[in-house]
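These notes are about the structure you will find just below.
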Amino acid sequence: MLTDPRLKRLRWRTRRGTRELDQLFGWWLDERFADADEPARLAFDELLDVQDPDLWDWVMGHARAPRDDWQAIIDEIRARHHL
């Protein structure tokens with residue numbers, strides 16, 4: 001799966017400041033990225049530019065992402081991990 005340079009870059013970018021975020025965003029890359037449409041893939045790539053404290057707040061449900069496509073990814077992560 002990680003022979004594609006894009007996937008290698010995304011794998012590196014899912015390595016966050018905390019193990020929890022690493023696992024949550026790594027899960028989406030491993031389990032959802034391949035079946036996602038290109039707009040969702042692009043949204044995931046752009047989502048990884050966000051600072052960890054904001055990602056954490058969104059994943060924990062303390063706030064909503066400012067973009068609907070980002071929130072859809074966050075919702076999938078939250079649903080899968082029962083957050």
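Ordering of the structure tokens sets the chain letters (A, B, ...); residue numbers start at 1 within each chain; ligands are numbered from 1 in the order shown.
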Pick out the residues sitting within 10 Å of segment 24-40 of chain A, and hand them over as a list in words; count only C-alpha atoms, and ignore anything fewer than 6 positions along from it in its own chain. Met1, Leu2, Leu7, Leu10, Arg11, Trp12, Arg13, Thr14, Arg15, Arg16, Glu46, Leu47, Leu48, Leu55, Val59, Asp69, Trp70, Ala72, Ile73, Ile74, Glu76, Ile77, Arg78, Arg80 and His81 of chain A
Kindly give the distance, in Å, that separates atom CA of Arg19 of chain A and atom CA of Asp49 of chain A, rounded to a single decimal. 17.2 Å
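Among the candidate residues A:Pro53, A:Lys8, A:Ala63, A:Gly17, the one lying nearest to Asp75 of chain A is A:Ala63, with distances computed using only C-alpha atoms.
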Nearest to Arg67 of chain A, restricted to only C-alpha atoms and choosing among A:Pro5, A:Val50, A:Leu83, A:Glu20, comes out as A:Val50
